[in-house]
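Q: Provided below: structure-v8.tsv, containing TSV, C-alpha atoms and all ligand atoms.
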chain	number	residue	atom	x	y	z
W	1	MET	CA	-14.99	20.81	8.72
W	2	LYS	CA	-17.59	18.10	8.85
W	3	LEU	CA	-16.77	14.83	7.09
W	4	ASP	CA	-20.42	13.89	6.81
W	5	ALA	CA	-21.14	16.92	4.67
W	6	TYR	CA	-18.62	15.92	1.98
W	7	HIS	CA	-19.58	14.31	-1.33
W	8	PHE	CA	-16.65	12.12	-2.36
W	9	ALA	CA	-15.59	11.22	-5.88
W	10	VAL	CA	-13.16	8.31	-6.17
W	11	ILE	CA	-11.15	8.76	-9.36
W	12	GLY	CA	-9.82	5.40	-10.63
W	13	PRO	CA	-11.83	2.47	-9.23
W	14	GLY	CA	-8.90	0.02	-9.31
W	15	ARG	CA	-7.42	-2.02	-6.46
W	16	LEU	CA	-7.34	0.73	-3.83
W	17	GLY	CA	-10.16	2.82	-5.31
W	18	SER	CA	-12.71	-0.01	-5.21
W	19	THR	CA	-11.74	-0.74	-1.59
W	20	LEU	CA	-12.21	2.94	-0.70
W	21	ILE	CA	-15.62	3.10	-2.37
W	22	ALA	CA	-16.77	0.17	-0.21
W	23	ALA	CA	-15.14	1.54	2.96
W	24	LEU	CA	-16.49	5.10	2.55
W	25	ASP	CA	-19.97	3.70	2.06
W	26	GLU	CA	-19.60	1.34	5.02
W	27	ALA	CA	-18.54	4.34	7.15
W	28	GLY	CA	-21.73	6.17	6.17
W	29	LEU	CA	-19.95	8.76	4.01
W	30	THR	CA	-21.33	9.80	0.65
W	31	VAL	CA	-19.65	8.65	-2.56
W	32	SER	CA	-21.42	10.62	-5.26
W	33	ALA	CA	-19.21	9.80	-8.25
W	34	ILE	CA	-16.66	7.35	-9.56
W	35	GLY	CA	-14.29	8.93	-12.08
W	36	THR	CA	-13.05	6.91	-15.03
W	37	HIS	CA	-10.85	7.67	-18.01
W	38	HIS	CA	-12.71	5.33	-20.33
W	39	GLU	CA	-14.82	7.45	-22.65
W	40	ASP	CA	-16.63	4.35	-23.87
W	41	ASP	CA	-17.18	2.83	-20.40
W	42	ALA	CA	-20.42	0.86	-20.61
W	43	GLY	CA	-21.43	2.17	-17.20
W	44	LEU	CA	-20.60	5.82	-17.89
W	45	GLY	CA	-23.43	7.98	-16.72
W	46	GLY	CA	-25.00	5.03	-14.90
W	47	ARG	CA	-25.20	4.60	-11.18
W	48	PHE	CA	-23.27	1.88	-9.41
W	49	GLY	CA	-24.73	-0.06	-6.48
W	50	GLY	CA	-28.03	0.51	-4.81
W	51	GLY	CA	-26.89	2.79	-2.00
W	52	ARG	CA	-26.84	1.58	1.58
W	53	PRO	CA	-27.69	-0.91	2.90
W	54	GLY	CA	-25.85	-3.13	0.47
W	55	GLY	CA	-23.92	-0.15	-0.78
W	56	PRO	CA	-21.70	0.25	-3.83
W	57	GLY	CA	-20.03	-3.09	-3.14
W	58	GLY	CA	-23.22	-5.01	-2.54
W	59	GLY	CA	-25.95	-3.41	-4.60
W	60	SER	CA	-26.64	-4.00	-8.24
W	61	PRO	CA	-25.60	-1.58	-10.99
W	62	GLY	CA	-28.42	0.67	-12.01
W	63	GLY	CA	-29.83	1.37	-8.55
W	64	ALA	CA	-30.98	4.91	-7.83
W	65	ALA	CA	-28.76	5.91	-4.92
W	66	GLY	CA	-25.28	4.62	-5.83
W	67	PRO	CA	-22.45	6.80	-7.10
W	68	LEU	CA	-22.52	7.98	-10.70
W	69	HIS	CA	-19.85	6.75	-13.14
W	70	VAL	CA	-18.47	9.87	-14.81
W	71	ARG	CA	-15.53	11.14	-16.82
W	72	VAL	CA	-12.74	12.69	-14.71
W	73	ALA	CA	-13.66	16.25	-15.69
W	74	ASP	CA	-17.31	15.68	-14.76
W	75	ALA	CA	-16.26	14.38	-11.35
W	76	ALA	CA	-15.03	17.91	-10.61
W	77	LEU	CA	-18.65	19.04	-10.58
W	78	GLU	CA	-20.21	16.02	-8.85
W	79	ALA	CA	-18.22	16.21	-5.62
W	80	ASP	CA	-16.31	18.41	-3.21
W	81	ALA	CA	-13.77	15.78	-2.13
W	82	TRP	CA	-11.77	13.97	-4.81
W	83	TRP	CA	-9.79	10.87	-3.87
W	84	LEU	CA	-7.34	10.19	-6.69
W	85	THR	CA	-6.59	6.46	-6.77
W	86	VAL	CA	-5.03	6.45	-10.21
W	87	PRO	CA	-1.47	5.13	-10.77
W	88	ASP	CA	1.19	7.39	-9.21
W	89	ASP	CA	2.42	8.62	-12.60
W	90	ASP	CA	-1.10	9.83	-13.52
W	91	ILE	CA	-1.89	11.76	-10.33
W	92	PHE	CA	-0.49	15.11	-11.51
W	93	ALA	CA	-2.27	14.94	-14.89
W	94	VAL	CA	-5.60	13.95	-13.30
W	95	ALA	CA	-5.22	16.76	-10.76
W	96	GLY	CA	-4.71	19.08	-13.75
W	97	GLN	CA	-7.86	17.77	-15.48
W	98	LEU	CA	-9.93	18.30	-12.33
W	99	ALA	CA	-8.46	21.75	-11.74
W	100	ALA	CA	-9.21	22.77	-15.35
W	101	ALA	CA	-12.81	21.59	-14.95
W	102	GLY	CA	-13.43	23.98	-12.07
W	103	PRO	CA	-13.59	22.04	-8.81
W	104	GLY	CA	-15.69	23.35	-5.96
W	105	ARG	CA	-18.59	24.54	-8.07
W	106	ARG	CA	-20.95	22.16	-6.31
W	107	ARG	CA	-23.08	24.11	-3.84
W	108	SER	CA	-21.38	22.99	-0.66
W	109	SER	CA	-20.58	24.04	2.87
W	110	CYS	CA	-17.27	22.10	2.80
W	111	PRO	CA	-13.95	23.52	1.66
W	112	PRO	CA	-13.03	21.44	-1.42
W	113	LEU	CA	-10.52	18.67	-0.66
W	114	ALA	CA	-8.26	16.51	-2.84
W	115	ILE	CA	-6.50	13.38	-1.62
W	116	HIS	CA	-3.94	11.06	-3.18
W	117	SER	CA	-2.73	7.78	-1.74
W	118	SER	CA	0.72	7.29	-3.13
W	119	GLY	CA	3.12	6.23	-0.39
W	120	ALA	CA	6.25	7.37	-2.21
W	121	ARG	CA	5.16	10.50	-4.03
W	122	SER	CA	4.79	14.05	-2.79
W	123	LEU	CA	1.71	16.00	-1.79
W	124	ARG	CA	2.86	18.44	-4.50
W	125	LEU	CA	1.40	16.12	-7.19
W	126	LEU	CA	-1.90	17.78	-6.25
W	127	ARG	CA	-0.51	21.28	-6.90
W	128	PRO	CA	-2.87	22.07	-9.83
W	129	LEU	CA	-5.79	21.57	-7.45
W	130	GLN	CA	-4.10	23.46	-4.61
W	131	GLU	CA	-3.61	26.40	-6.99
W	132	ALA	CA	-7.35	26.19	-7.73
W	133	GLY	CA	-8.09	26.70	-4.03
W	134	VAL	CA	-8.55	23.05	-3.06
W	135	LEU	CA	-7.16	21.68	0.24
W	136	THR	CA	-4.65	18.90	-0.43
W	137	LEU	CA	-3.94	15.77	1.58
W	138	CYS	CA	-2.11	12.45	1.26
W	139	LEU	CA	-3.55	9.41	3.00
W	140	HIS	CA	-1.48	6.29	2.49
W	141	PRO	CA	-2.89	3.06	3.91
W	142	LEU	CA	0.12	0.87	4.80
W	143	GLN	CA	-1.43	-2.27	3.35
W	144	THR	CA	-1.54	-4.17	0.09
W	145	PHE	CA	-4.85	-4.28	-1.84
W	146	SER	CA	-5.51	-6.74	-4.61
W	147	GLY	CA	-8.97	-5.55	-5.63
W	148	ASP	CA	-11.41	-7.71	-3.70
W	149	ALA	CA	-12.93	-4.50	-2.22
W	150	ARG	CA	-13.99	-5.83	1.17
W	151	PRO	CA	-15.41	-2.88	3.19
W	152	ASP	CA	-13.40	-3.99	6.26
W	153	ALA	CA	-10.11	-4.16	4.34
W	154	LEU	CA	-8.92	-0.93	5.98
W	155	ALA	CA	-9.70	-1.98	9.55
W	156	GLY	CA	-6.69	-1.57	11.82
W	157	VAL	CA	-4.40	-0.52	8.95
W	158	ALA	CA	-1.81	2.17	9.76
W	159	CYS	CA	-2.37	5.25	7.57
W	160	ALA	CA	0.27	7.92	6.88
W	161	VAL	CA	-1.25	11.41	6.90
W	162	THR	CA	0.59	14.20	5.05
W	163	ALA	CA	-0.61	17.76	4.60
W	164	ASP	CA	0.95	21.19	4.82
W	165	GLU	CA	-1.70	22.72	7.07
W	166	GLU	CA	-2.61	21.47	10.54
W	167	ARG	CA	-6.37	21.76	9.89
W	168	VAL	CA	-6.01	19.51	6.83
W	169	SER	CA	-3.86	16.99	8.74
W	170	ALA	CA	-6.52	16.91	11.44
W	171	LEU	CA	-9.18	16.28	8.79
W	172	GLY	CA	-6.99	13.49	7.39
W	173	ASP	CA	-6.67	11.93	10.87
W	174	GLU	CA	-10.44	12.08	11.25
W	175	LEU	CA	-11.14	10.57	7.82
W	176	ALA	CA	-8.60	7.76	8.25
W	177	ALA	CA	-10.01	6.93	11.70
W	178	ARG	CA	-13.57	7.03	10.35
W	179	LEU	CA	-12.55	4.37	7.82
W	180	GLY	CA	-11.19	2.21	10.65
W	181	MET	CA	-7.51	3.02	10.10
W	182	ARG	CA	-4.81	4.08	12.58
W	183	PRO	CA	-3.56	7.49	11.36
W	184	PHE	CA	-0.07	8.80	11.98
W	185	ARG	CA	1.62	11.96	10.69
W	186	LEU	CA	4.36	11.75	8.05
W	187	ALA	CA	6.34	14.72	6.68
W	188	ASP	CA	6.25	15.03	2.90
W	189	GLU	CA	10.06	14.81	2.55
W	190	ARG	CA	10.06	11.52	4.53
W	191	LYS	CA	7.71	9.74	2.13
W	192	PRO	CA	10.36	8.12	-0.12
W	193	LEU	CA	12.20	6.61	2.89
W	194	TYR	CA	8.90	5.51	4.42
W	195	HIS	CA	7.95	3.84	1.15
W	196	LEU	CA	11.36	2.14	0.92
W	197	SER	CA	10.63	0.55	4.31
W	198	ALA	CA	7.25	-0.69	3.07
W	199	ALA	CA	8.79	-2.10	-0.12
W	200	VAL	CA	11.47	-3.98	1.84
W	201	ALA	CA	8.86	-5.28	4.31
W	202	ALA	CA	6.39	-6.55	1.74
W	203	ASN	CA	7.70	-6.66	-1.82
W	204	LEU	CA	11.22	-7.93	-1.05
W	205	MET	CA	9.82	-10.48	1.34
W	206	VAL	CA	7.65	-11.81	-1.49
W	207	ALA	CA	10.70	-11.97	-3.79
W	208	LEU	CA	12.70	-13.75	-1.08
W	209	GLU	CA	9.95	-16.34	-0.62
W	210	SER	CA	9.97	-16.89	-4.38
W	211	GLU	CA	13.72	-17.73	-4.21
W	212	ALA	CA	13.04	-20.06	-1.26
W	213	VAL	CA	10.32	-21.91	-3.21
W	214	ARG	CA	12.70	-22.42	-6.15
W	215	LEU	CA	15.41	-23.83	-3.84
W	216	MET	CA	12.86	-26.09	-2.13
W	217	ASN	CA	11.57	-27.45	-5.46
W	218	GLU	CA	15.17	-28.08	-6.54
W	219	ALA	CA	15.88	-29.93	-3.27
W	220	THR	CA	12.78	-32.13	-3.31
W	221	GLY	CA	12.30	-32.62	-7.04
W	222	ARG	CA	8.64	-31.67	-6.49
W	223	ASP	CA	6.71	-28.56	-7.44
W	224	ASP	CA	4.88	-27.86	-4.18
W	225	GLY	CA	7.64	-25.94	-2.41
W	226	LEU	CA	5.25	-23.14	-1.49
W	227	GLN	CA	2.86	-25.51	0.25
W	228	LEU	CA	5.74	-27.25	2.06
W	229	LEU	CA	7.14	-23.91	3.26
W	230	ALA	CA	3.77	-22.34	4.12
W	231	PRO	CA	3.57	-23.21	7.87
W	232	LEU	CA	7.20	-22.12	8.37
W	233	VAL	CA	6.63	-18.81	6.57
W	234	SER	CA	3.36	-18.14	8.45
W	235	THR	CA	4.89	-18.87	11.86
W	236	ALA	CA	8.05	-16.83	11.18
W	237	THR	CA	5.93	-13.86	10.03
W	238	ALA	CA	3.59	-14.12	13.03
W	239	ASN	CA	6.59	-14.33	15.37
W	240	VAL	CA	8.34	-11.28	13.93
W	241	VAL	CA	5.12	-9.26	14.23
W	242	GLY	CA	4.27	-10.59	17.68
W	243	LYS	CA	7.69	-10.71	19.36
W	244	GLY	CA	9.92	-8.39	17.30
W	245	PRO	CA	12.81	-9.43	15.01
W	246	ALA	CA	15.41	-10.27	17.69
W	247	ALA	CA	13.15	-12.64	19.64
W	248	ALA	CA	11.71	-14.17	16.46
W	249	LEU	CA	15.08	-15.06	14.92
W	250	THR	CA	15.95	-18.76	14.79
W	251	GLY	CA	18.30	-20.75	12.53
W	252	PRO	CA	22.05	-21.30	12.19
W	253	VAL	CA	23.13	-17.66	12.65
W	254	ALA	CA	20.96	-17.31	15.77
W	255	ARG	CA	22.51	-20.52	17.14
W	256	GLY	CA	26.05	-19.57	16.18
W	257	ASP	CA	26.27	-22.68	13.99
W	258	ALA	CA	29.23	-21.76	11.75
W	259	ALA	CA	29.47	-25.24	10.15
W	260	THR	CA	25.93	-24.96	8.75
W	261	VAL	CA	26.52	-21.43	7.50
W	262	ARG	CA	29.72	-22.66	5.81
W	263	ALA	CA	27.72	-25.49	4.13
W	264	HIS	CA	25.08	-23.01	2.95
W	265	LEU	CA	27.75	-20.76	1.46
W	266	ARG	CA	29.29	-23.70	-0.43
W	267	LEU	CA	25.85	-24.51	-1.92
W	268	LEU	CA	25.24	-20.89	-2.80
W	269	ALA	CA	28.31	-20.90	-5.05
W	270	ARG	CA	26.14	-22.96	-7.47
W	271	GLN	CA	23.15	-20.60	-7.23
W	272	PRO	CA	22.61	-17.26	-9.00
W	273	ALA	CA	24.93	-14.61	-7.52
W	274	ARG	CA	21.96	-12.52	-6.34
W	275	VAL	CA	20.84	-15.33	-3.99
W	276	ALA	CA	24.30	-15.61	-2.42
W	277	GLU	CA	24.48	-11.81	-2.04
W	278	ALA	CA	21.05	-11.71	-0.39
W	279	TYR	CA	22.01	-14.59	1.94
W	280	ARG	CA	25.24	-12.89	3.02
W	281	SER	CA	23.71	-9.42	3.49
W	282	LEU	CA	20.64	-10.57	5.37
W	283	SER	CA	22.65	-13.03	7.50
W	284	LEU	CA	24.81	-10.09	8.60
W	285	GLU	CA	21.65	-8.34	9.83
W	286	ALA	CA	20.63	-11.63	11.53
W	287	LEU	CA	24.06	-11.70	13.18
W	288	THR	CA	23.51	-8.17	14.53
W	289	LEU	CA	20.22	-9.40	16.05
W	290	ALA	CA	21.77	-12.59	17.46
W	291	ALA	CA	25.09	-11.11	18.69
W	292	PRO	CA	23.91	-10.34	22.26
W	293	ARG	CA	23.14	-14.08	22.67
W	294	LEU	CA	26.44	-15.36	21.18
W	295	ASP	CA	30.04	-15.33	22.49
W	296	ASP	CA	32.48	-12.89	20.88
W	297	GLU	CA	34.54	-15.61	19.17
W	298	THR	CA	31.45	-17.05	17.41
W	299	VAL	CA	30.33	-13.60	16.28
W	300	ARG	CA	33.83	-12.92	14.84
W	301	THR	CA	33.87	-16.30	13.01
W	302	LEU	CA	30.43	-15.81	11.49
W	303	LYS	CA	31.16	-12.20	10.52
W	304	THR	CA	34.38	-13.19	8.71
W	305	LEU	CA	32.61	-16.09	6.99
W	306	LEU	CA	29.74	-13.89	5.80
W	307	GLU	CA	31.87	-10.91	4.78
W	308	GLU	CA	34.83	-12.71	3.25
W	309	GLY	CA	33.62	-16.30	2.94
W	310	GLU	CA	35.50	-19.33	1.74
W	311	GLY	CA	36.36	-19.46	-1.92
W	312	ARG	CA	35.30	-15.87	-2.43
A	401	LIG	N1	-2.91	-1.40	-4.48
A	401	LIG	C1	-2.29	-1.19	-3.34
A	401	LIG	O1	-1.94	-2.15	-2.62
A	401	LIG	C2	-2.03	0.23	-2.86
A	401	LIG	C3	-1.72	0.42	-1.49
A	401	LIG	C4	-1.52	1.73	-1.03
A	401	LIG	C5	-1.57	2.79	-1.93
A	401	LIG	N2	-1.84	2.57	-3.25
A	401	LIG	C6	-1.88	3.72	-4.15
A	401	LIG	O2	-3.18	3.78	-4.72
A	401	LIG	C7	-3.11	4.36	-6.03
A	401	LIG	C8	-3.77	3.41	-7.02
A	401	LIG	O3	-3.08	2.19	-7.01
A	401	LIG	P1	-3.84	0.81	-7.40
A	401	LIG	O4	-2.92	-0.30	-7.04
A	401	LIG	O5	-5.21	0.83	-6.89
A	401	LIG	O6	-3.87	0.98	-9.00
A	401	LIG	P2	-4.79	0.22	-10.06
A	401	LIG	O7	-5.38	-1.01	-9.47
A	401	LIG	O8	-3.98	0.12	-11.30
A	401	LIG	O9	-6.00	1.23	-10.29
A	401	LIG	C9	-5.81	2.45	-10.96
A	401	LIG	C10	-7.16	2.92	-11.43
A	401	LIG	O10	-6.99	4.20	-12.06
A	401	LIG	C11	-7.56	4.14	-13.38
A	401	LIG	N3	-6.76	5.06	-14.20
A	401	LIG	C12	-5.54	4.86	-14.75
A	401	LIG	N4	-5.12	5.98	-15.38
A	401	LIG	C13	-6.12	6.90	-15.24
A	401	LIG	C14	-6.31	8.23	-15.69
A	401	LIG	N5	-5.36	8.86	-16.40
A	401	LIG	N6	-7.48	8.85	-15.37
A	401	LIG	C15	-8.43	8.22	-14.66
A	401	LIG	N7	-8.31	6.95	-14.21
A	401	LIG	C16	-7.17	6.31	-14.49
A	401	LIG	C17	-7.45	2.70	-13.78
A	401	LIG	O11	-8.34	2.37	-14.80
A	401	LIG	P3	-7.97	1.20	-15.84
A	401	LIG	O12	-7.41	0.04	-15.05
A	401	LIG	O13	-9.26	0.88	-16.47
A	401	LIG	O14	-6.95	1.77	-16.76
A	401	LIG	C18	-7.81	2.02	-12.47
A	401	LIG	O15	-9.21	2.02	-12.27
A	401	LIG	C19	-1.63	4.63	-6.30
A	401	LIG	O16	-1.32	5.95	-5.97
A	401	LIG	C20	-0.93	3.66	-5.34
A	401	LIG	O17	0.37	4.10	-4.98
A	401	LIG	C21	-2.07	1.31	-3.74
Will you turn the file into structure tokens for me?
A:
Amino acid sequence: MKLDAYHFAVIGPGRLGSTLIAALDEAGLTVSAIGTHHEDDAGLGGRFGGGRPGGPGGGSPGGAAGPLHVRVADAALEADAWWLTVPDDDIFAVAGQLAAAGPGRRRSSCPPLAIHSSGARSLRLLRPLQEAGVLTLCLHPLQTFSGDARPDALAGVACAVTADEERVSALGDELAARLGMRPFRLADERKPLYHLSAAVAANLMVALESEAVRLMNEATGRDDGLQLLAPLVSTATANVVGKGPAAALTGPVARGDAATVRAHLRLLARQPARVAEAYRSLSLEALTLAAPRLDDETVRTLKTLLEEGEGR
């Protein structure tokens, strides 16, 4: 199967979709259509971008060679590879719309292919298309996209590849690599656990930083806690990525400083319960990381303090 022969339609040009349109174009692959669900879209039927060089991200609307803005059903006829970048809850319905419209009717040497990019949800969301004879694939870029659509936004990003046929997985590897990503295989039933890891790594970290900013603003009486914390957050993140969690860990638990932990716990009694719970739970993980560096007595003291506390 030759990637270069495919005509791609990106359905849902939102945060990920707009990035993919730019990246596919940058990689020299053909995006022939952009599928939208807005019947009254001003650009519907018009072409987007001027084709390369400049491409969909750089050209001006109305050029001759850019992808065509079409309704979802029409995208079935304009392409032989459909990349569904609609919200997770809409993937199955959009797959149904494409399947009903008769995918694969474009004169093409490529076996028709459908892709979705949900990290948590199953390949089976594409079942309507699979039943219509379309190859199905999940490609999940392990990155966060906010819609600025830089063509290099996928460079170096790990990409989970899920398919139920080896030839489709191999095509997924090739496509992900062509877009500059680092593909790895992920079994369909592992996707929810994989996505849980990603949510803890990124979303919970953001929530934790939000709590830290609130505490900092309370401590200083100012409103620039984020700016004050920024170098600390950046260095801690760079260290965990560069050295691994155990080597990156600093702070009172890493030093075995029970008096400071005790003082923190006393302060946390006046904070929302969720902050105290997060502090205790995550400090226990920190203690697991630090334990090889601490003496047994210190580990026991900290463990008791964090599990049972004082005044708990
Ligand atoms: N954003 C990320 O960081 C990221 C990372 C990895 C994977 N993903 C995955 O990428 C997919 C898209 O996420 P996103 O964050 O890019 O979402 P998004 O920014 O909300 O974009 C969704 C796009 O789909 C369109 N859309 C919504 N319902 C539709 C329908 N029924 N038919 C056709 N188009 C429809 C939306 O149009 P309107 O806005 O005009 O309604 C919008 O253009 C999801 O599967 C998500 O899990 C996202």
Q: Counting only C-alpha atoms and all ligand atoms, what are the residues, protein, DNA or RNA alike, that approach ligand LIG 401 (chain A) to within 10 Å? I want them as a ChimeraX atom specification.
A: /W:10-20,34-38,41,71-73,83-95,97,116-121,138-147,159,195,198
Q: Excluding stretch 249-264 of chain W and its own-chain neighbours fewer than 5 positions away, which residues fall within 10 Å of it when counting only C-alpha atoms? Please give them as number ranges by chain.
A: W: 236, 239-240, 243-244, 269, 276, 279-280, 283-295, 297-299, 301-303, 305-306, 309-310
Q: Grab the atom CA of W:Ala273 to atom CA of W:Ala201 distance for me, in Å with one decimal place.
A: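 Atom CA of W:Ala201 lies 22.0 Å from atom CA of W:Ala273.
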Q: In Å, how far is it from atom CA of W:Trp82 to atom CA of W:Leu196?
A: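 Answer for the atom CA of W:Trp82 to atom CA of W:Leu196 separation: 26.6 Å.
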Q: My list of candidates is W:Ala153, W:Thr136, W:Leu68, W:Arg270. Which is closest to W:Val168 when distances are computed with only C-alpha atoms?
A: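 Going through W:Ala153, W:Thr136, W:Leu68, W:Arg270 one by one, the smallest distance to W:Val168 is for W:Thr136.
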Q: So the first atom is atom CA of W:Thr162 and the second is atom CA of W:Leu135; what is the distance between them in Å, to one decimal place?
A: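 Those two atoms sit 11.8 Å apart.
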Q: Which of these residues is nearest to W:Leu129, using all atoms listed in the file: W:Met181, W:Ala238, W:Ala170, W:Ala76?
A: W:Ala76
Q: Using only C-alpha atoms, can you list as a PyMOL selection string the residues within 6 Å of (-22.2, 7.6, -6.1)?
A: chain W and resi 31-33+66-68
Q: Emit the selected residues as a short mmCIF file (atom, residue, chain, number, x, y, z; two decimals), keeping the file's coordinate frame, including C-alpha atoms.
A:
data_model
loop_
_atom_site.label_atom_id
_atom_site.label_comp_id
_atom_site.auth_asym_id
_atom_site.auth_seq_id
_atom_site.Cartn_x
_atom_site.Cartn_y
_atom_site.Cartn_z
CA VAL W 31 -19.65 8.65 -2.56
CA SER W 32 -21.42 10.62 -5.26
CA ALA W 33 -19.21 9.80 -8.25
CA GLY W 66 -25.28 4.62 -5.83
CA PRO W 67 -22.45 6.80 -7.10
CA LEU W 68 -22.52 7.98 -10.70
#
Q: From the set W:Ala149, W:Leu154, W:Val206, W:Ala278, which residue has the shortest atom-to-atom contact distance to W:Ala22, counting only C-alpha atoms?
A: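 Smallest separation from W:Ala22 among the options: W:Ala149.
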Q: For a quick check of understanding, using all atoms listed in the file, which of W:Leu125, W:Ala155, W:Met216, W:Ala23 has the smallest distance to W:Arg182?
A: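 Between W:Leu125, W:Ala155, W:Met216, W:Ala23, the residue approaching W:Arg182 most closely is W:Ala155.
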Q: Find the residue from W:Asp80, W:Arg167, W:Phe184, W:Ser234 that sits nearest to W:Val134; use all atoms listed in the file when measuring.
A: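 Among the listed residues, the smallest separation from W:Val134 belongs to W:Asp80.
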Q: Could you please fill out stretch 141-156 of chain W with N, CA and C atoms and send it back as a PDB file, in the frame of the given file?
A:
ATOM      1  N   PRO W 141      -2.672   4.240   3.075  1.00  0.00           N
ATOM      2  CA  PRO W 141      -2.890   3.060   3.910  1.00  0.00           C
ATOM      3  C   PRO W 141      -1.703   2.099   3.740  1.00  0.00           C
ATOM      4  N   LEU W 142      -1.076   1.729   4.844  1.00  0.00           N
ATOM      5  CA  LEU W 142       0.120   0.870   4.800  1.00  0.00           C
ATOM      6  C   LEU W 142      -0.339  -0.590   4.738  1.00  0.00           C
ATOM      7  N   GLN W 143      -0.852  -0.936   3.563  1.00  0.00           N
ATOM      8  CA  GLN W 143      -1.430  -2.270   3.350  1.00  0.00           C
ATOM      9  C   GLN W 143      -1.370  -2.545   1.859  1.00  0.00           C
ATOM     10  N   THR W 144      -1.480  -3.821   1.507  1.00  0.00           N
ATOM     11  CA  THR W 144      -1.540  -4.170   0.090  1.00  0.00           C
ATOM     12  C   THR W 144      -2.984  -4.547  -0.263  1.00  0.00           C
ATOM     13  N   PHE W 145      -3.469  -4.039  -1.403  1.00  0.00           N
ATOM     14  CA  PHE W 145      -4.850  -4.280  -1.840  1.00  0.00           C
ATOM     15  C   PHE W 145      -4.820  -4.952  -3.205  1.00  0.00           C
ATOM     16  N   SER W 146      -5.575  -6.029  -3.331  1.00  0.00           N
ATOM     17  CA  SER W 146      -5.510  -6.740  -4.610  1.00  0.00           C
ATOM     18  C   SER W 146      -6.817  -6.639  -5.372  1.00  0.00           C
ATOM     19  N   GLY W 147      -7.775  -5.847  -4.838  1.00  0.00           N
ATOM     20  CA  GLY W 147      -8.970  -5.550  -5.630  1.00  0.00           C
ATOM     21  C   GLY W 147     -10.223  -6.295  -5.209  1.00  0.00           C
ATOM     22  N   ASP W 148     -10.177  -6.997  -4.071  1.00  0.00           N
ATOM     23  CA  ASP W 148     -11.410  -7.710  -3.700  1.00  0.00           C
ATOM     24  C   ASP W 148     -12.410  -6.802  -2.974  1.00  0.00           C
ATOM     25  N   ALA W 149     -11.996  -5.556  -2.657  1.00  0.00           N
ATOM     26  CA  ALA W 149     -12.930  -4.500  -2.220  1.00  0.00           C
ATOM     27  C   ALA W 149     -13.798  -4.873  -1.025  1.00  0.00           C
ATOM     28  N   ARG W 150     -13.222  -5.559  -0.052  1.00  0.00           N
ATOM     29  CA  ARG W 150     -13.990  -5.830   1.170  1.00  0.00           C
ATOM     30  C   ARG W 150     -14.096  -4.515   1.963  1.00  0.00           C
ATOM     31  N   PRO W 151     -15.279  -4.157   2.486  1.00  0.00           N
ATOM     32  CA  PRO W 151     -15.410  -2.880   3.190  1.00  0.00           C
ATOM     33  C   PRO W 151     -14.568  -2.824   4.466  1.00  0.00           C
ATOM     34  N   ASP W 152     -14.200  -4.002   5.036  1.00  0.00           N
ATOM     35  CA  ASP W 152     -13.400  -3.990   6.260  1.00  0.00           C
ATOM     36  C   ASP W 152     -11.896  -4.099   5.967  1.00  0.00           C
ATOM     37  N   ALA W 153     -11.522  -3.966   4.701  1.00  0.00           N
ATOM     38  CA  ALA W 153     -10.110  -4.160   4.340  1.00  0.00           C
ATOM     39  C   ALA W 153      -9.192  -3.111   4.962  1.00  0.00           C
ATOM     40  N   LEU W 154      -9.758  -1.986   5.399  1.00  0.00           N
ATOM     41  CA  LEU W 154      -8.920  -0.930   5.980  1.00  0.00           C
ATOM     42  C   LEU W 154      -8.844  -1.031   7.513  1.00  0.00           C
ATOM     43  N   ALA W 155      -9.618  -1.931   8.086  1.00  0.00           N
ATOM     44  CA  ALA W 155      -9.700  -1.980   9.550  1.00  0.00           C
ATOM     45  C   ALA W 155      -8.348  -2.266  10.187  1.00  0.00           C
ATOM     46  N   GLY W 156      -7.930  -1.379  11.079  1.00  0.00           N
ATOM     47  CA  GLY W 156      -6.690  -1.570  11.820  1.00  0.00           C
ATOM     48  C   GLY W 156      -5.425  -1.250  11.044  1.00  0.00           C
TER      49      GLY W 156
END
